[in-house]
Amino acid sequence: MISMPQLRSVRIASSRARMATIATLEFRMQVASPLFWALLALLVAAISTLNPVAMMRGAAADGASRVFANSIWALSPSFAMSGFFVYPFFASIMGGFAALRDDDVGMTELLESTSLTRREHAWATFAGLAAALGLAILAHIAVLIVFRELSIGGTARGPFHISAYLVPALLFAAPTALWSAGLAFAMANRTRRAMWAYALPVLLFVAEFLWLWNWHPAGISRVLDDALIMLDPTGLRWISYRLFATDPGLTVVNTQPLALDAMLLIGRLFTVLLPLSAIALSARRGTRRGEQSRASVRQRSSSATSQRSPFTAVLTGALPMQRLAPTIATGSMTVLWAELRELMRRPSLYFSTLLLFMVVADVGGADADAFGSLPLLTGGGVAIAALPAVTVLSCLFLLFTLVELMHRDQSSGFEPLAMSSSTPTAAFLIGRGAASLALQAVLTIACVASAAVLLYTRYGSTRDVWPLWLVFGGVLGPTALLWVSFVIMVMSATRSRAATLAIGFGALLLTAAQFVGGMLTWLTNWPLFGALRWTEFAVFPLDGAALLANRVLALVLSVVFFVVACRVFERTERDPVAKRERWKLRHLGRTLVSYSPLLGLPVLVGGFLGIRVHEGRTLPLVAQAAPGAMTQDARVVDPPSPVIRRMDLFIALQPAEHRVTVTGWYDVVNESRAAVAHVPFRIQRALGSVDFLVTQRGTAPRASVMTPTARGDLDLARSMQVGDTVRIGFHYSAVVPRGFSRNGGERDAFVLPTAVYLSTHRGDFLPEISESDVPNDGVRFIPATSTNAPTSGFNGGRAFTVSMRVSAPSDLVVNSVGAKERTQVDRDRTTTTWVTAEPVAAINLLAGRYAVQRRDGVAVFHLPAHANSVPVILETLAAARASFSSWFAPYPWPELRLSEFPDFNTQATSFPTNIAVSEGLSFLADTLLYGGLPFAVTAHEAAHQWWGHLLAAGDGPGTGVLVEGMADYSTLLLAEQRYGSTARAAMAARFETQYLQQRVAHSERSLMETSDVSAADGAVSQKKGAMVMWMLHRHLGAERTFSALQRFIREHRTRRTFATLQQLMVALRAESTDSVAFDRLAGQVVLSTALPEFAVTDPRCQREGTHFMCTARVHNHGLGTWSVDVAAGVGDRVPVGGRRTIQVPAGGTTPVAFTLDEFPEHVVVDPEVHVLQTGRAQARATFPRAPRSARGVQR
Amino acid sequence: MLEIRNLTKTYSGGVTALHGISLRMPVGMFGLLGPNGSGKTTLMRIVAGLLEPTAGQVLIDGEDVVGHPERVWPRLGYLPQSFGFYPGLTGRAMLAHMLRLKGVSSTHGVDALCDDLLERVNLTHAAKRPVKGYSGGMRQRLGIAQAIAGNPELLIVDEPTAGLDPEERARFYRLLSELAENRTVILSTHIVDDVAVLCPRFAVVRYGRLLATTTPTEARAAIAGTMFEGVVGRADLGAIADRYHVTQAFLVEGQNRVRLHAADGNVPPHFTAVAPTLEDAYHLLTQAAAAASTHQAA
């Protein structure tokens, strides 16, 4: 007799044995699956191609001060990124398939008949799956150790700590893998549908991009942020907005353990517990398909029996039947119709349609920019913005759909019937491909509808819908076709759902990795990642030919893949002996030869694309700097010795051929201390060969030809003595841009039928005099921290006068620098002459089918359709001209113009008298609070007429402040003048935020030492520079500051010397009445990196009679001693007596007291944003509410 | 005329399913009889063009099936041993889909033809019901309907009566015999009755080898006068099996009835001579093959 406890222990032992058997079997099957091996392969590929250290701030720190690639701080993003991009897709599919495998192989009923319980089966299967994923993570760690510890890729590394690998793997990769596998397993187990295995990673992908990872608006509440961190299974949100919210510093990153917080740990726990709970629930409530089918079969069989008709004679011969083998067309239609019926039954069709609808609405409806402006949406803009997400999601949906459709014959057992039918093989493949494309058509309609609804809700019209069809249909269509044929080919070759999914994911992820690594070109960029930019000037006017060739290549490859699919699709199961024969080299060779006719067209189109991309490469022809230059403290590089003092140009534009022909003369003067025997020229590739003619007094003209070169010497008949002038004529005719761009994206120079933009900004417009080997007076600094090769501005930044005649078709309005002297119309061409009496250091030439608006010496040239923000731009330009003339120096040119150009490069560049602004930066702006982006851009670029053109800054450390910093400072001044102090404070707060987000604290230098060699340095020069100038401005007062600035510009305006920040400080100090106080402030803000970090504590209010006595303590956790305003306010209002100015030293605390007539709500340090600081959110506190009886009468 | 020449099939694990089988099948019903695992399904799949043999030829009216299986498919009606349908489609829609794949049409339209065919296999009442709700027999009948559609020149039916009740089996027998009047019908089965009822000629295979090609009458005649039957107690069964050549032992009304083969007439006294059946012939053939195989293995 067995006792109950014995019985229980026997049952437990038996249960454990069963579970161990199931788990072991599951583990073996998972490890043997192609998905598992593809997961490993992709992890290795991701590790070897992507270096998350490069994505971390501070990674570009120079010399020995680098982030260690094997530090826990560097490895955490690495594991989290893998957790996002790689694990979810594989783990979900592995989980979903594990739950459904018994159904697929018909084992469910057998298992049901054993003593194995549903719960045991679910947990044991999941345990086996989790063990396989654990093995994958261990392999991931091992490969990472090999790559990071052996410094493959040349990254810096510190001491080896195994915990640096294990902790991030356990915190980020493992929970994400478990989350994906567990939820997919639970859902599939519960619903018996594979759809969840596919839907889950897609949902996660979309949720991460739209909300969990990327959505972090300014001012997001802490509670919401915490909730999102908890919900984010990858941990990327925590890494982005908590771990690296501010630059932690190189020492911390390289030596300290990860700064974990409670929210992360709660989130990780939630990430693990959620799938486990879901599995528990599914194991309890889930139904086995066997049960359902048995019940339904019983019921239906009985009804069938009851309806059986009496025995009747059988006469098949009497049936009038004909048999005619279906053609490819009729067979395809048959298959298509059956697949469409199947698709319409599937929830995935409706799920994917709805998801894409939401994604397009979210991605296309761009958020407000940094200046609070909502972009003005256009159909093309919305479509191009949403295209990458739509492409990725479409490819995923098509992959899942096709795999399931092609697997259906196998899984349903219909395969032997279908394969022995007389329908041609191609018809099976075409039918299924067509069904997938029908799905794509539905998705396209969803995308177009979503964008149209978006446009309608914003603007009340759907006039701009045709670009949606063009992009989502015409551009995306070939991608879908190529992808469909690729998947069909892979599925035909492998006949394995898992292998096809693995290869499909692999193809997508490797393409994404190539895109991130900048390796895609028009030749290889089949999904068009990052290649397209939309402009309202014309339909893909710049890269249209490249796009067309790329799409043709996609279509041609689709055909090739499809033909290959038909060949490799085996309706007859091949004999293994014959199969081995086929893999022999001789047979493979014959197979390749038989495929060669297929490859002809793709090779032709691909070759054409490759050659054109090669022609269009834009690598600079500047010689590489000597390695030693990077480690020296400073190095003097000589500017061009002979400099251009005057140029006469005749420019003929033939936009239909993208051609510009330039004939010109340079008057070149030797300003060095010695004679020169030749004039060195740099000819960029865009120009092609240039004919030169040198005329030198007393010598015969000498002609020569120069091809593109970093430096080619134009020999003189006689040496130029100091002060001598030679006249150098030149002529070239070039197609701009030459060839195709590498992968679409940005272009700064183009001649198109609807728009022209040429400039000396990048030296690809005119022949450029390069550096001389003869010493002269010019001084330019290359800082020791520079990672760039030394480059030179056109003519070394020296000013010259220009006379320029431009001939262009009359439908184009041409705009350039200087004053328009005359216009001459000859048939369908117009020639305009532009002259600059005041010397300029750069020229540009823009043309377009412009409308022009003018007032008060300013003009805006814009597309007629882009008039929405023109009033703001025009007003700002006029105000800038008037105010800056009054504050800094009179504007020397007759007119200040601003010209719109296509959004091939969203940027603005201020050329003398003619500011070039791309359409996306100002003209497509909707909501315009305080002028929004149009005001900010216009004011900033207008300021460069003074800070950059009238005053030329040197290239040395600190001089970035004189250009970009002063332009932003001028913008702050103009914002305060036009919109008041609130607008100025809002803009200053944005500058402060941008500076704090972009700075790299551990490598930051003082303003005086900063060189603009990185984005972080640029933020220091520009944003901190502007705020520092504003602080100095407040210290000195407006009148003294402007006086100093006027004198400073006057002294440097000749352009024979280049201004430095030291000189500006000297000029400002000269105006100071308290030089000691000025030196103290300037020492902190210009010569050091000190920043205050204020915090308010102990806010108290007490009623005393009719008043409230309020106190608080202000701490400075940062560096430096600062004079700062503190305000006790009610809402945005500061009542009488609510403002104090206090001094707070570094690490010190200063009490502040207010006497007020009313109860204040809060106390704020620096309410008007005068002092650049970090941690502004902590620099305020709320006064505790007094008991009602103590509050008195509220006003 | 279907002709099979030296057909050999070896699977990737090294298992040889067919050993150089050669057969000629004229117009009419031809049975392929053999126990489970004897290679029948492999042979059927090769003839249907769904499996490539390791060696050998299959010719239909001189047309090479192995090299060009697509040439046999338009002439083929095939009912595999194991098959399924799209579970979401109704029986009628599934059949219509299959007819279109085969290129079968009718002057009255495919839908009308489907109705006729479903009536022939007694599925009219379930025509509008999803296939996922069909019983095994109903699925089998739907499979039969698609196989006979289009009057195929060659009809291959692999274990077609599995899952059919006696009434349906009888209907199917009549259907097949009618179809076999003007085409080759290959009936692969392990049920001797199927062959006995339907096939004027049949082949017996075991272990991938062809044991015999004969007719039921010839097979029975070959052992005429050598078969005996008697009732044996359970305790004596072993002794009888040791001493005599037992072809079958089965229960009839609770009693063990044993059939013996004895060419010399030497049998236990209570055994009486009986008329040989096809099953006796089949068992004698397969038992001889098994013995030869065991001898070879030893």
# chains A, B, ... in the order shown; residues from 1 in each chain; ligands from 1
>>> interface_residues(of="chain A", to="chain B", cutoff="7 Å", atoms="only C-alpha atoms", output="PyMOL selection string")
chain A and resi 296-297+300-301+307+314+320-326+331+334+412-414+416+420-423+571-577
>>> residues_around(residues="Ala222 in chain B", least_positions_apart="5", cutoff="12 Å", atoms="only C-alpha atoms", output="list in words")
Thr214, Thr215, Pro216, Thr217, Met227, His261, Ala263, Ala275, Pro276, Thr277, Leu278, Asp280, Ala281, Tyr282, Leu284 and Leu285 of chain B
>>> select_by_dssp(residues="range 73-286 of chain B", states="helix (DSSP H, G or I)", output="PDB file with C-alpha atoms, in the first residue's frame")
ATOM      1  CA  TRP B  73       0.487  15.599 -64.360  1.00  0.00           C
ATOM      2  CA  PRO B  74      -2.098  16.688 -66.981  1.00  0.00           C
ATOM      3  CA  ARG B  75      -3.025  13.007 -67.442  1.00  0.00           C
ATOM      4  CA  GLY B  91     -15.706  21.334 -49.509  1.00  0.00           C
ATOM      5  CA  ARG B  92     -17.185  22.800 -52.653  1.00  0.00           C
ATOM      6  CA  ALA B  93     -14.716  25.693 -52.801  1.00  0.00           C
ATOM      7  CA  MET B  94     -11.831  23.344 -52.152  1.00  0.00           C
ATOM      8  CA  LEU B  95     -12.908  21.007 -54.904  1.00  0.00           C
ATOM      9  CA  ALA B  96     -13.439  23.903 -57.289  1.00  0.00           C
ATOM     10  CA  HIS B  97      -9.961  25.167 -56.484  1.00  0.00           C
ATOM     11  CA  MET B  98      -8.523  21.724 -57.148  1.00  0.00           C
ATOM     12  CA  LEU B  99     -10.407  21.402 -60.431  1.00  0.00           C
ATOM     13  CA  ARG B 100      -9.077  24.736 -61.597  1.00  0.00           C
ATOM     14  CA  LEU B 101      -5.542  23.724 -60.632  1.00  0.00           C
ATOM     15  CA  LYS B 102      -5.990  20.597 -62.730  1.00  0.00           C
ATOM     16  CA  VAL B 110     -16.875  24.284 -62.711  1.00  0.00           C
ATOM     17  CA  ASP B 111     -19.365  24.905 -59.939  1.00  0.00           C
ATOM     18  CA  ALA B 112     -21.951  22.603 -61.504  1.00  0.00           C
ATOM     19  CA  LEU B 113     -19.270  19.984 -62.051  1.00  0.00           C
ATOM     20  CA  CYS B 114     -18.282  20.279 -58.407  1.00  0.00           C
ATOM     21  CA  ASP B 115     -21.860  19.651 -57.383  1.00  0.00           C
ATOM     22  CA  ASP B 116     -22.003  16.570 -59.604  1.00  0.00           C
ATOM     23  CA  LEU B 117     -18.750  15.208 -58.284  1.00  0.00           C
ATOM     24  CA  LEU B 118     -19.741  15.844 -54.691  1.00  0.00           C
ATOM     25  CA  GLU B 119     -22.961  13.997 -55.344  1.00  0.00           C
ATOM     26  CA  ARG B 120     -20.995  11.051 -56.743  1.00  0.00           C
ATOM     27  CA  THR B 124     -23.598  17.116 -51.303  1.00  0.00           C
ATOM     28  CA  HIS B 125     -24.947  17.686 -47.836  1.00  0.00           C
ATOM     29  CA  ALA B 126     -21.523  18.894 -46.604  1.00  0.00           C
ATOM     30  CA  VAL B 131     -13.274  21.188 -44.678  1.00  0.00           C
ATOM     31  CA  LYS B 132     -11.837  21.489 -41.178  1.00  0.00           C
ATOM     32  CA  GLY B 133     -15.108  20.025 -39.888  1.00  0.00           C
ATOM     33  CA  GLY B 136     -11.678  11.279 -42.009  1.00  0.00           C
ATOM     34  CA  GLY B 137     -14.034   9.464 -44.360  1.00  0.00           C
ATOM     35  CA  MET B 138     -15.476  12.680 -45.709  1.00  0.00           C
ATOM     36  CA  ARG B 139     -12.009  14.002 -46.439  1.00  0.00           C
ATOM     37  CA  GLN B 140     -11.175  10.750 -48.151  1.00  0.00           C
ATOM     38  CA  ARG B 141     -14.281  11.073 -50.325  1.00  0.00           C
ATOM     39  CA  LEU B 142     -13.412  14.650 -51.183  1.00  0.00           C
ATOM     40  CA  GLY B 143      -9.976  13.384 -52.171  1.00  0.00           C
ATOM     41  CA  ILE B 144     -11.582  10.756 -54.374  1.00  0.00           C
ATOM     42  CA  ALA B 145     -13.723  13.412 -56.028  1.00  0.00           C
ATOM     43  CA  GLN B 146     -10.708  15.484 -56.994  1.00  0.00           C
ATOM     44  CA  ALA B 147      -8.798  12.402 -58.147  1.00  0.00           C
ATOM     45  CA  ILE B 148     -11.443  11.250 -60.571  1.00  0.00           C
ATOM     46  CA  PRO B 166     -18.386  -0.569 -45.694  1.00  0.00           C
ATOM     47  CA  GLU B 167     -21.122   1.220 -47.607  1.00  0.00           C
ATOM     48  CA  GLU B 168     -18.768   3.901 -48.873  1.00  0.00           C
ATOM     49  CA  ARG B 169     -16.157   1.314 -49.659  1.00  0.00           C
ATOM     50  CA  ALA B 170     -18.626  -0.548 -51.823  1.00  0.00           C
ATOM     51  CA  ARG B 171     -19.540   2.665 -53.632  1.00  0.00           C
ATOM     52  CA  PHE B 172     -15.878   3.357 -54.198  1.00  0.00           C
ATOM     53  CA  TYR B 173     -15.265  -0.114 -55.550  1.00  0.00           C
ATOM     54  CA  ARG B 174     -17.976   0.392 -58.142  1.00  0.00           C
ATOM     55  CA  LEU B 175     -16.614   3.789 -59.021  1.00  0.00           C
ATOM     56  CA  LEU B 176     -13.082   2.505 -59.489  1.00  0.00           C
ATOM     57  CA  SER B 177     -14.139  -0.486 -61.534  1.00  0.00           C
ATOM     58  CA  GLU B 178     -16.119   1.772 -63.802  1.00  0.00           C
ATOM     59  CA  LEU B 179     -13.161   4.139 -64.187  1.00  0.00           C
ATOM     60  CA  VAL B 192      -6.282  -8.058 -49.838  1.00  0.00           C
ATOM     61  CA  ASP B 193     -10.051  -7.732 -50.220  1.00  0.00           C
ATOM     62  CA  ASP B 194      -9.586  -4.528 -52.197  1.00  0.00           C
ATOM     63  CA  VAL B 195      -7.474  -6.362 -54.727  1.00  0.00           C
ATOM     64  CA  ALA B 196      -9.642  -9.429 -54.651  1.00  0.00           C
ATOM     65  CA  VAL B 197     -12.704  -7.404 -55.478  1.00  0.00           C
ATOM     66  CA  LEU B 198     -11.276  -4.990 -57.991  1.00  0.00           C
ATOM     67  CA  PRO B 216      -6.224 -13.382 -58.312  1.00  0.00           C
ATOM     68  CA  THR B 217      -7.359 -16.512 -60.137  1.00  0.00           C
ATOM     69  CA  GLU B 218      -3.809 -17.610 -60.922  1.00  0.00           C
ATOM     70  CA  ALA B 219      -2.733 -16.910 -57.394  1.00  0.00           C
ATOM     71  CA  ARG B 220      -5.532 -18.995 -55.977  1.00  0.00           C
ATOM     72  CA  ALA B 221      -5.041 -21.768 -58.554  1.00  0.00           C
ATOM     73  CA  ALA B 222      -1.382 -22.024 -57.705  1.00  0.00           C
ATOM     74  CA  ARG B 234      -5.153 -21.756 -27.448  1.00  0.00           C
ATOM     75  CA  ALA B 235      -2.630 -24.084 -25.772  1.00  0.00           C
ATOM     76  CA  ASP B 236      -1.946 -25.927 -29.009  1.00  0.00           C
ATOM     77  CA  LEU B 237      -1.379 -22.920 -31.201  1.00  0.00           C
ATOM     78  CA  GLY B 238       2.369 -22.844 -30.619  1.00  0.00           C
ATOM     79  CA  ALA B 239       2.852 -26.485 -31.343  1.00  0.00           C
ATOM     80  CA  ILE B 240       0.855 -26.233 -34.581  1.00  0.00           C
ATOM     81  CA  ALA B 241       2.849 -23.217 -35.683  1.00  0.00           C
ATOM     82  CA  ASP B 242       6.080 -25.046 -35.040  1.00  0.00           C
ATOM     83  CA  ARG B 243       5.141 -28.129 -36.970  1.00  0.00           C
ATOM     84  CA  LEU B 278      -6.275 -14.617 -52.367  1.00  0.00           C
ATOM     85  CA  GLU B 279      -5.308 -13.814 -48.832  1.00  0.00           C
ATOM     86  CA  ASP B 280      -3.758 -17.279 -48.504  1.00  0.00           C
ATOM     87  CA  ALA B 281      -1.729 -16.697 -51.610  1.00  0.00           C
ATOM     88  CA  TYR B 282      -0.655 -13.243 -50.406  1.00  0.00           C
ATOM     89  CA  HIS B 283       0.408 -14.545 -47.023  1.00  0.00           C
ATOM     90  CA  LEU B 284       2.367 -17.364 -48.519  1.00  0.00           C
ATOM     91  CA  LEU B 285       4.189 -14.976 -50.799  1.00  0.00           C
ATOM     92  CA  THR B 286       5.021 -12.425 -48.136  1.00  0.00           C
TER      93      THR B 286
END
>>> closest_residue(among="B:Glu63, B:Glu159, B:Asp165, B:Glu153", to="Leu187 in chain B", atoms="only C-alpha atoms")
B:Glu159
>>> residues_around(residues="Asn256 in chain B", least_positions_apart="5", cutoff="7 Å", atoms="only C-alpha atoms", output="ChimeraX atom specification")
/B:231-234,249-251
>>> residues_around(residues="Ser188 in chain B", least_positions_apart="3", cutoff="8 Å", atoms="only C-alpha atoms", output="PDB file with C-alpha atoms, in the first residue's frame")
ATOM      1  CA  GLY B  31      -3.357  -3.726 -57.704  1.00  0.00           C
ATOM      2  CA  LEU B  32      -0.197  -3.140 -55.755  1.00  0.00           C
ATOM      3  CA  LEU B  33      -0.404  -5.233 -52.681  1.00  0.00           C
ATOM      4  CA  LYS B  40       4.158   0.930 -52.205  1.00  0.00           C
ATOM      5  CA  THR B  41       3.793   4.648 -51.393  1.00  0.00           C
ATOM      6  CA  MET B  44       3.213   5.562 -56.167  1.00  0.00           C
ATOM      7  CA  ILE B 156      -3.266   6.370 -58.801  1.00  0.00           C
ATOM      8  CA  VAL B 157      -5.042   5.640 -55.554  1.00  0.00           C
ATOM      9  CA  ASP B 158      -2.916   4.940 -52.531  1.00  0.00           C
ATOM     10  CA  GLU B 159      -4.750   3.178 -49.714  1.00  0.00           C
ATOM     11  CA  PRO B 160      -8.028   4.706 -50.872  1.00  0.00           C
TER      12      PRO B 160
END
>>> decode(residues="range 227-240 of chain B", atoms="N, CA and C atoms", output="PDB file, in the first residue's frame")
ATOM      1  N   MET B 227      -4.473 -25.949 -49.092  1.00  0.00           N
ATOM      2  CA  MET B 227      -4.899 -25.166 -47.941  1.00  0.00           C
ATOM      3  C   MET B 227      -5.875 -25.969 -47.092  1.00  0.00           C
ATOM      4  N   PHE B 228      -5.637 -25.889 -45.760  1.00  0.00           N
ATOM      5  CA  PHE B 228      -6.471 -26.612 -44.806  1.00  0.00           C
ATOM      6  C   PHE B 228      -6.833 -25.678 -43.667  1.00  0.00           C
ATOM      7  N   GLU B 229      -7.990 -25.956 -43.043  1.00  0.00           N
ATOM      8  CA  GLU B 229      -8.419 -25.074 -41.962  1.00  0.00           C
ATOM      9  C   GLU B 229      -8.966 -25.933 -40.829  1.00  0.00           C
ATOM     10  N   GLY B 230      -8.725 -25.476 -39.608  1.00  0.00           N
ATOM     11  CA  GLY B 230      -9.257 -26.205 -38.471  1.00  0.00           C
ATOM     12  C   GLY B 230      -9.293 -25.336 -37.231  1.00  0.00           C
ATOM     13  N   VAL B 231      -9.972 -25.835 -36.208  1.00  0.00           N
ATOM     14  CA  VAL B 231     -10.069 -25.115 -34.936  1.00  0.00           C
ATOM     15  C   VAL B 231      -9.004 -25.686 -34.009  1.00  0.00           C
ATOM     16  N   VAL B 232      -8.287 -24.761 -33.346  1.00  0.00           N
ATOM     17  CA  VAL B 232      -7.185 -25.175 -32.484  1.00  0.00           C
ATOM     18  C   VAL B 232      -7.353 -24.502 -31.125  1.00  0.00           C
ATOM     19  N   GLY B 233      -7.120 -25.266 -30.076  1.00  0.00           N
ATOM     20  CA  GLY B 233      -7.149 -24.671 -28.745  1.00  0.00           C
ATOM     21  C   GLY B 233      -5.975 -23.725 -28.560  1.00  0.00           C
ATOM     22  N   ARG B 234      -6.190 -22.767 -27.614  1.00  0.00           N
ATOM     23  CA  ARG B 234      -5.153 -21.756 -27.448  1.00  0.00           C
ATOM     24  C   ARG B 234      -3.815 -22.401 -27.071  1.00  0.00           C
ATOM     25  N   ALA B 235      -3.868 -23.460 -26.263  1.00  0.00           N
ATOM     26  CA  ALA B 235      -2.630 -24.084 -25.772  1.00  0.00           C
ATOM     27  C   ALA B 235      -1.871 -24.795 -26.886  1.00  0.00           C
ATOM     28  N   ASP B 236      -2.600 -25.157 -27.939  1.00  0.00           N
ATOM     29  CA  ASP B 236      -1.946 -25.927 -29.009  1.00  0.00           C
ATOM     30  C   ASP B 236      -1.425 -25.062 -30.165  1.00  0.00           C
ATOM     31  N   LEU B 237      -1.726 -23.804 -30.076  1.00  0.00           N
ATOM     32  CA  LEU B 237      -1.379 -22.920 -31.201  1.00  0.00           C
ATOM     33  C   LEU B 237       0.120 -22.951 -31.501  1.00  0.00           C
ATOM     34  N   GLY B 238       0.925 -22.893 -30.442  1.00  0.00           N
ATOM     35  CA  GLY B 238       2.369 -22.844 -30.619  1.00  0.00           C
ATOM     36  C   GLY B 238       2.889 -24.107 -31.276  1.00  0.00           C
ATOM     37  N   ALA B 239       2.379 -25.207 -30.804  1.00  0.00           N
ATOM     38  CA  ALA B 239       2.852 -26.485 -31.343  1.00  0.00           C
ATOM     39  C   ALA B 239       2.491 -26.612 -32.809  1.00  0.00           C
ATOM     40  N   ILE B 240       1.283 -26.175 -33.184  1.00  0.00           N
ATOM     41  CA  ILE B 240       0.855 -26.233 -34.581  1.00  0.00           C
ATOM     42  C   ILE B 240       1.746 -25.356 -35.434  1.00  0.00           C
TER      43      ILE B 240
END
